[in-house]
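What follows is a set of notes on a single structure, which appears directly below.
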Amino acid sequence: MKSIPVHFLSFRFTHPAEKEPAWKGTVERWYQLDAFAYGLAEAYTVWKRENAELLSAPGMILLASPQASNQTDFQFAQSGAASPAKFVHTLPNVRCSSLCQVMEWSGPVLCLQKDPFTQVHALREAAAFVESGAITGAIWVVSVFALKNGYEAQGFVVFPHGSPHKFTPSKSGRETGFEIRKTAQNSLQTDGDLQEWLNSGDHKDLGGGVKEFPEFSLPGGYQLRKFVS
Amino acid sequence: MSRCGILSYGCSSAAGPSVSAFWKALRSGTDHARPSPGFSSSVSSWPDSSSISATDLLVRHLLFAWKDCLDGLPGNLKDGVVFHPGRLGVILASTKGCIDDWVWQQNPDLSGDPYGPLLEKFIIAAELSPLETICVSNACASSLTATLLGREWLSQNRVDHVLVLAVDRAGPFVHKGFETLRVVSSSVSRPFGKGRDGLCLGDAAAAILLCREGGLSEIEGIATDTEGFAVTRPEQSGSSLRRACLGAGAPHRVPDLIIAHGTGTVINDQVEDDVMTALFGEHKIPVTGTKWSIGHTLGASAAMDVIAGCEVLRTQSAFRIANTQEVDPQLRGNYLSANADLADPFHAERILISSLGFGGVHAAMMLRKSPVTEIQK
């Protein structure tokens, strides 16, 4: 199997929003969105502004948020189970509606759950879809995490075979890229392990400014690699 | 995309713990759906210590459905599926899973989704050892979305069989939520009927065993489409449902029957009518539905429709929307209302099943009679 190029994006935010978003005219009653729906729409807007060429229309979106809609479910119940505006966000797939509105896109969206392996399994499914050729175009794996002080939206853009690698420039001038490869190894690593790996700077200096990071094993014998050009 | 068949199926619903009970209700025009029991807004009153947990209730429903599904399998295939664990995939479709078990607590543990514990408990109770498992939660289109993924797993040769499980419970959380939206009928659900005023909610579990080839029915086409329009209602033009139907093979493949989502809400029924009329208007294809009989079973509803479709193909007989005495004159479809003519036997080679859900999700499946359908399930 050839390697599958992947681009990784993340965006931290707080909710409720402190100011009106740029897309306020696109999403009806945007101020009633829960944090997860708001965050995806806002993250897309920021990502698109900074990486327009990477975010052309996907062939499929895999929505993979750990803890599903637990936070919103709890808020709905504890506030007396009386608010229709809250209730409509008590399904984990619903957060994609505002994203689709801001993207002006429609297409297949699969909302996958398998805690504590939700995100890693969605990445595996994306790789398998790309390998089988069932989907033309990139597959986005989109997640929103509740953090101690706010939220983080993450997007993996999994490109079809043969696409050139995509790099994210860093402040140091180096560019980070990601790819998925097939190995024989299976994995039981969790979404939490993936977050640690994404944030980790552990690497070997191979000389000449080239850095090698340890791979992250995904389910199904896939491996996520991070490298620096 | 490679072929995919339905090897066996089973269910448990308000009509009883079997496909035969469900089919009997549909054919006889029996309404098992019940109006809301009127749960309190005080969430602390939701748990009932005398009853079993939502998880256990749902697992019990799923076990009934699985047993019913196993009963439909010939012995040699039963061994192949159950005792060859390395080649089985299981996908659970549900909107809210076991939400009623924790959401009323003051300081609940919010880690973990409400679907995994349910699937895990079922797998242990059913003594299965699947190679692959995952949960799909695409609102009321969850069942068809899970089936689409199952078909892809088979196409990728990751497994030999995929068990699509679908389950939902209309507990206090769901009932209170739908009441806030004012879409629950004050009497009975009358899909596509004149003066319809909403849906009745229901519990159900379904088990559908997919195989690569053969089977009782063949999934000729299946597609899903999520639109960016509004959270609770489809765009009036029905463009997203239309795209899903096109992806499932319509209108090139003309079905003999449409099993519509048919919630009984004014807007959803109108959009389905517009899309189906635009796709097949000149054919006057009979349109029916199941929610009037067992209630809207949310994430399990499309799986129940698939089972009804398989029974139509197997028995070559159809069923009416028995609660709908008079069709809404604004609708143009050929609805099998209580008084409509219904051919018996009903010749059916192909059935289109449609599904809509919150978040702008739409899905459609074209089900075809396979040669082995003649074999009694």
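By order in the structure tokens, chains are A, B, ...; within a chain, residues start at 1; ligands start at 1, following the order shown.
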Pick out the residues sitting within 12 Å of Glu53 in chain A, and hand them over as a JSON list (two decimals) with C-alpha atoms, in the first residue's frame; count only C-alpha atoms, and ignore anything fewer than 3 positions along from it in its own chain.
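Written out: part13.json:
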```json
[["chain", "number", "residue", "atom", "x", "y", "z"],
["A", 7, "HIS", "CA", -3.09, 17.04, 6.88],
["A", 47, "TRP", "CA", -8.84, 26.76, 8.72],
["A", 48, "LYS", "CA", -10.27, 27.80, 5.38],
["A", 49, "ARG", "CA", -8.82, 31.29, 5.74],
["A", 50, "GLU", "CA", -5.36, 29.89, 6.49],
["A", 56, "SER", "CA", -11.58, 21.87, -1.06],
["A", 57, "ALA", "CA", -14.86, 19.95, -0.89],
["A", 58, "PRO", "CA", -14.38, 16.53, 0.75],
["A", 157, "VAL", "CA", -7.80, 15.68, 6.02],
["A", 166, "LYS", "CA", 0.67, 18.51, 2.59],
["A", 167, "PHE", "CA", 2.80, 20.35, 5.11]]
```
Counting only C-alpha atoms, chain A residues within 9 Å of chain B, as a ChimeraX atom specification
/A:27-28,66-71,73-116,118,121,128-129,131-132,134
Just the number, please: distance in Å from CA of Ser355 in chain B to CA of Ser317 in chain B, one decimal.
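These two atoms are separated by 22.1 Å.
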Grab the CA of Gly238 in chain B to CA of Ser354 in chain B distance for me, in Å with one decimal place.
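Pair CA of Gly238 in chain B / CA of Ser354 in chain B returns 12.1 Å.
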Write out as a VMD selection string the residues lying within 8 Å of Pro214 in chain A, counting only C-alpha atoms and excluding same-chain residues fewer than 4 positions away.
chain A and resid 202 to 203 225 to 226
Any idea what the distance is between CA of Ile208 in chain B and CA of Ser8 in chain B?
6.1 Å
Name the residues of range 125-325 of chain B that fall into strand (DSSP E) according to DSSP on the backbone, using the chain letters and numbers of this document, as a CSV table (one decimal) with N, CA, C and O atoms, in the first residue's frame.
```
chain,number,residue,atom,x,y,z
B,132,GLU,N,-14.6,-7.0,14.4
B,132,GLU,CA,-14.7,-5.5,14.3
B,132,GLU,C,-16.0,-5.1,15.0
B,132,GLU,O,-17.0,-5.7,14.8
B,133,THR,N,-16.0,-4.0,15.7
B,133,THR,CA,-17.2,-3.4,16.2
B,133,THR,C,-17.1,-1.9,16.1
B,133,THR,O,-16.0,-1.3,16.2
B,134,ILE,N,-18.2,-1.2,16.0
B,134,ILE,CA,-18.3,0.3,16.0
B,134,ILE,C,-19.7,0.7,16.2
B,134,ILE,O,-20.6,-0.1,16.0
B,135,CYS,N,-20.0,1.9,16.7
B,135,CYS,CA,-21.3,2.4,16.8
B,135,CYS,C,-21.5,3.6,15.8
B,135,CYS,O,-20.6,4.4,15.6
B,136,VAL,N,-22.7,3.7,15.3
B,136,VAL,CA,-23.0,4.8,14.3
B,136,VAL,C,-24.2,5.5,14.9
B,136,VAL,O,-25.2,4.9,15.3
B,161,HIS,N,-19.3,-11.5,7.5
B,161,HIS,CA,-20.7,-11.2,7.8
B,161,HIS,C,-20.6,-9.9,8.7
B,161,HIS,O,-19.7,-9.7,9.5
B,162,VAL,N,-21.7,-9.1,8.5
B,162,VAL,CA,-21.8,-7.9,9.4
B,162,VAL,C,-23.2,-8.0,10.1
B,162,VAL,O,-24.2,-8.1,9.4
B,163,LEU,N,-23.2,-7.9,11.4
B,163,LEU,CA,-24.5,-7.9,12.1
B,163,LEU,C,-24.8,-6.4,12.4
B,163,LEU,O,-24.0,-5.7,13.2
B,164,VAL,N,-25.8,-5.9,11.7
B,164,VAL,CA,-26.2,-4.5,12.0
B,164,VAL,C,-27.3,-4.6,13.1
B,164,VAL,O,-28.3,-5.1,12.9
B,165,LEU,N,-27.0,-4.0,14.3
B,165,LEU,CA,-27.9,-3.9,15.4
B,165,LEU,C,-28.4,-2.5,15.4
B,165,LEU,O,-27.7,-1.6,15.3
B,166,ALA,N,-29.7,-2.4,15.7
B,166,ALA,CA,-30.3,-1.0,15.8
B,166,ALA,C,-31.2,-1.0,17.0
B,166,ALA,O,-32.1,-2.0,17.1
B,167,VAL,N,-31.1,-0.1,17.8
B,167,VAL,CA,-31.9,0.0,19.0
B,167,VAL,C,-32.1,1.4,19.5
B,167,VAL,O,-31.2,2.2,19.5
B,168,ASP,N,-33.3,1.7,20.0
B,168,ASP,CA,-33.5,2.9,20.7
B,168,ASP,C,-34.7,2.8,21.6
B,168,ASP,O,-35.6,1.9,21.4
B,204,ALA,N,-37.7,-0.1,19.9
B,204,ALA,CA,-37.5,-1.2,19.1
B,204,ALA,C,-36.0,-1.6,19.0
B,204,ALA,O,-35.2,-0.8,19.3
B,205,ALA,N,-35.8,-2.9,18.7
B,205,ALA,CA,-34.5,-3.4,18.4
B,205,ALA,C,-34.6,-4.2,17.2
B,205,ALA,O,-35.5,-4.9,17.0
B,206,ALA,N,-33.5,-4.1,16.4
B,206,ALA,CA,-33.5,-4.9,15.1
B,206,ALA,C,-32.1,-5.5,15.0
B,206,ALA,O,-31.1,-4.9,15.4
B,207,ALA,N,-32.1,-6.7,14.4
B,207,ALA,CA,-30.8,-7.4,14.0
B,207,ALA,C,-30.8,-7.8,12.6
B,207,ALA,O,-31.7,-8.5,12.2
B,208,ILE,N,-29.9,-7.3,11.8
B,208,ILE,CA,-29.9,-7.6,10.3
B,208,ILE,C,-28.5,-8.1,10.0
B,208,ILE,O,-27.5,-7.4,10.3
B,209,LEU,N,-28.5,-9.3,9.5
B,209,LEU,CA,-27.2,-10.0,9.2
B,209,LEU,C,-26.9,-9.8,7.7
B,209,LEU,O,-27.6,-10.3,6.9
B,210,LEU,N,-25.8,-9.1,7.5
B,210,LEU,CA,-25.4,-8.8,6.1
B,210,LEU,C,-24.4,-9.9,5.6
B,210,LEU,O,-23.5,-10.3,6.4
B,211,CYS,N,-24.4,-10.2,4.4
B,211,CYS,CA,-23.4,-11.1,3.8
B,211,CYS,C,-23.0,-10.6,2.5
B,211,CYS,O,-23.6,-9.6,2.0
B,217,SER,N,-32.6,-11.1,0.6
B,217,SER,CA,-32.8,-9.9,-0.2
B,217,SER,C,-31.4,-9.3,-0.5
B,217,SER,O,-30.5,-9.5,0.3
B,218,GLU,N,-31.4,-8.5,-1.6
B,218,GLU,CA,-30.1,-7.9,-1.9
B,218,GLU,C,-30.2,-6.4,-1.8
B,218,GLU,O,-31.2,-5.8,-2.1
B,219,ILE,N,-29.1,-5.8,-1.2
B,219,ILE,CA,-29.1,-4.4,-1.1
B,219,ILE,C,-28.5,-3.9,-2.5
B,219,ILE,O,-27.3,-4.0,-2.7
B,220,GLU,N,-29.4,-3.4,-3.3
B,220,GLU,CA,-28.9,-3.0,-4.7
B,220,GLU,C,-28.2,-1.7,-4.7
B,220,GLU,O,-27.3,-1.4,-5.4
B,221,GLY,N,-28.7,-0.8,-3.8
B,221,GLY,CA,-28.1,0.5,-3.7
B,221,GLY,C,-28.4,1.1,-2.3
B,221,GLY,O,-29.4,0.8,-1.7
B,222,ILE,N,-27.4,1.9,-1.8
B,222,ILE,CA,-27.6,2.5,-0.5
B,222,ILE,C,-26.8,3.8,-0.5
B,222,ILE,O,-25.6,3.8,-1.0
B,223,ALA,N,-27.3,4.9,0.0
B,223,ALA,CA,-26.6,6.1,0.0
B,223,ALA,C,-27.1,7.0,1.2
B,223,ALA,O,-28.2,6.9,1.6
B,224,THR,N,-26.2,7.9,1.6
B,224,THR,CA,-26.6,8.9,2.6
B,224,THR,C,-26.1,10.3,2.2
B,224,THR,O,-25.1,10.4,1.5
B,225,ASP,N,-26.8,11.3,2.6
B,225,ASP,CA,-26.5,12.6,2.3
B,225,ASP,C,-26.9,13.6,3.4
B,225,ASP,O,-28.0,13.5,3.9
B,226,THR,N,-25.9,14.4,3.9
B,226,THR,CA,-26.2,15.4,4.9
B,226,THR,C,-26.2,16.7,4.3
B,226,THR,O,-25.2,17.1,3.6
B,257,LEU,N,-42.6,-0.7,-4.6
B,257,LEU,CA,-43.1,-0.1,-3.4
B,257,LEU,C,-42.1,0.8,-2.7
B,257,LEU,O,-40.9,0.6,-2.8
B,258,ILE,N,-42.6,1.9,-2.1
B,258,ILE,CA,-41.8,2.8,-1.3
B,258,ILE,C,-42.2,2.6,0.1
B,258,ILE,O,-43.4,2.8,0.5
B,259,ILE,N,-41.2,2.3,1.0
B,259,ILE,CA,-41.5,2.4,2.5
B,259,ILE,C,-40.9,3.7,2.9
B,259,ILE,O,-39.7,3.8,3.1
B,286,PRO,N,-47.0,2.6,-5.2
B,286,PRO,CA,-47.6,2.6,-3.9
B,286,PRO,C,-46.6,3.0,-2.8
B,286,PRO,O,-45.4,2.6,-2.8
B,287,VAL,N,-47.0,3.8,-1.8
B,287,VAL,CA,-46.2,4.3,-0.7
B,287,VAL,C,-46.8,3.9,0.6
B,287,VAL,O,-48.0,4.1,0.8
B,288,THR,N,-46.0,3.2,1.4
B,288,THR,CA,-46.5,2.8,2.7
B,288,THR,C,-45.5,3.2,3.8
B,288,THR,O,-44.5,3.9,3.5
```
Which of range 254-360 of chain B end up as alpha helix (DSSP H) when DSSP is run on this backbone - answer as a ChimeraX atom specification?
/B:266-280,291-294,301-315
Given only C-alpha atoms as the basis, pick out the residue of A:Arg12, A:Thr45, A:Gly162, A:Asp34 nearest to Val130 in chain A.
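Going through A:Arg12, A:Thr45, A:Gly162, A:Asp34 one by one, the smallest distance to Val130 in chain A is for A:Gly162.
For Phe156 in chain A, the list of residues within 9 Å, based on only C-alpha atoms and with local chain neighbours fewer than 2 positions off taken out, reads Val6, His7, Phe8, Leu9, Ser10, Leu123, Ile139, Trp140, Val141, Val142, Ser143, Gln154 and Val158 of chain A.
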Store the residues of this selection in a file with all heavy atoms, as a short mmCIF file (atom, residue, chain, number, x, y, z; two decimals), in the first residue's frame.
```cif
data_model
loop_
_atom_site.label_atom_id
_atom_site.label_comp_id
_atom_site.auth_asym_id
_atom_site.auth_seq_id
_atom_site.Cartn_x
_atom_site.Cartn_y
_atom_site.Cartn_z
N VAL A 6 -1.85 12.95 4.80
CA VAL A 6 -2.84 13.45 5.77
C VAL A 6 -2.43 14.86 6.18
O VAL A 6 -1.24 15.14 6.32
CB VAL A 6 -2.86 12.54 7.04
CG1 VAL A 6 -3.80 13.10 8.10
CG2 VAL A 6 -3.26 11.12 6.68
N HIS A 7 -3.40 15.71 6.35
CA HIS A 7 -3.09 17.04 6.88
C HIS A 7 -3.85 17.20 8.19
O HIS A 7 -5.03 16.83 8.28
CB HIS A 7 -3.51 18.13 5.90
CG HIS A 7 -3.01 19.48 6.29
ND1 HIS A 7 -1.71 19.87 6.07
CD2 HIS A 7 -3.62 20.51 6.89
CE1 HIS A 7 -1.56 21.10 6.54
NE2 HIS A 7 -2.69 21.51 7.04
N PHE A 8 -3.17 17.73 9.18
CA PHE A 8 -3.78 17.86 10.51
C PHE A 8 -4.01 19.34 10.86
O PHE A 8 -3.12 20.17 10.67
CB PHE A 8 -2.90 17.21 11.57
CG PHE A 8 -3.37 17.44 12.98
CD1 PHE A 8 -4.55 16.85 13.43
CD2 PHE A 8 -2.67 18.27 13.85
CE1 PHE A 8 -5.01 17.09 14.72
CE2 PHE A 8 -3.12 18.50 15.15
CZ PHE A 8 -4.30 17.90 15.58
N LEU A 9 -5.19 19.64 11.38
CA LEU A 9 -5.54 21.00 11.77
C LEU A 9 -6.16 20.98 13.16
O LEU A 9 -6.87 20.02 13.50
CB LEU A 9 -6.57 21.58 10.79
CG LEU A 9 -6.18 21.63 9.32
CD1 LEU A 9 -7.40 21.51 8.44
CD2 LEU A 9 -5.44 22.91 9.02
N SER A 10 -5.90 22.01 13.93
CA SER A 10 -6.58 22.08 15.24
C SER A 10 -6.92 23.54 15.54
O SER A 10 -6.34 24.47 14.97
CB SER A 10 -5.69 21.50 16.34
OG SER A 10 -4.57 22.32 16.54
N LEU A 123 -10.11 7.40 12.04
CA LEU A 123 -8.95 7.54 11.15
C LEU A 123 -8.70 6.24 10.38
O LEU A 123 -8.37 6.25 9.20
CB LEU A 123 -7.70 7.90 11.97
CG LEU A 123 -7.54 9.38 12.29
CD1 LEU A 123 -6.46 9.58 13.33
CD2 LEU A 123 -7.19 10.17 11.03
N ILE A 139 -11.16 12.62 2.59
CA ILE A 139 -12.09 12.30 3.70
C ILE A 139 -11.64 13.10 4.92
O ILE A 139 -10.47 13.06 5.29
CB ILE A 139 -12.09 10.79 3.99
CG1 ILE A 139 -12.57 10.03 2.75
CG2 ILE A 139 -12.97 10.49 5.20
CD1 ILE A 139 -12.50 8.53 2.89
N TRP A 140 -12.57 13.80 5.50
CA TRP A 140 -12.24 14.57 6.70
C TRP A 140 -12.66 13.77 7.93
O TRP A 140 -13.79 13.27 7.99
CB TRP A 140 -12.99 15.89 6.73
CG TRP A 140 -12.63 16.86 5.65
CD1 TRP A 140 -11.78 16.66 4.60
CD2 TRP A 140 -13.12 18.19 5.52
NE1 TRP A 140 -11.72 17.77 3.82
CE2 TRP A 140 -12.54 18.74 4.36
CE3 TRP A 140 -13.99 18.98 6.26
CZ2 TRP A 140 -12.81 20.03 3.93
CZ3 TRP A 140 -14.27 20.27 5.84
CH2 TRP A 140 -13.67 20.80 4.69
N VAL A 141 -11.75 13.70 8.89
CA VAL A 141 -12.11 13.13 10.19
C VAL A 141 -12.15 14.29 11.17
O VAL A 141 -11.12 14.92 11.44
CB VAL A 141 -11.08 12.07 10.64
CG1 VAL A 141 -11.43 11.54 12.03
CG2 VAL A 141 -11.04 10.93 9.63
N VAL A 142 -13.32 14.61 11.65
CA VAL A 142 -13.53 15.84 12.42
C VAL A 142 -13.96 15.50 13.84
O VAL A 142 -14.83 14.65 14.04
CB VAL A 142 -14.61 16.69 11.73
CG1 VAL A 142 -14.87 17.95 12.51
CG2 VAL A 142 -14.20 17.03 10.30
N SER A 143 -13.35 16.16 14.82
CA SER A 143 -13.67 15.89 16.24
C SER A 143 -13.70 17.20 17.01
O SER A 143 -13.02 18.15 16.63
CB SER A 143 -12.60 15.00 16.88
OG SER A 143 -12.33 13.88 16.08
N GLN A 154 -10.55 19.41 16.05
CA GLN A 154 -9.43 18.84 15.29
C GLN A 154 -9.95 18.28 13.98
O GLN A 154 -11.05 17.72 13.91
CB GLN A 154 -8.77 17.70 16.09
CG GLN A 154 -8.07 18.19 17.34
CD GLN A 154 -7.32 17.10 18.08
OE1 GLN A 154 -7.43 15.93 17.74
NE2 GLN A 154 -6.56 17.49 19.08
N VAL A 158 -7.72 13.45 5.10
CA VAL A 158 -7.08 12.23 4.59
C VAL A 158 -7.25 12.24 3.07
O VAL A 158 -8.36 12.12 2.56
CB VAL A 158 -7.72 10.97 5.23
CG1 VAL A 158 -7.05 9.71 4.73
CG2 VAL A 158 -7.64 11.06 6.76
#
```
Could you check the closest approach to Ala37 in chain A for each of A:Leu55, A:Ile135, A:Ser163, A:Phe145 and tell me which residue wins, using only C-alpha atoms?
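Looking only at the distances to Ala37 in chain A, the closest residue turns out to be A:Phe145.
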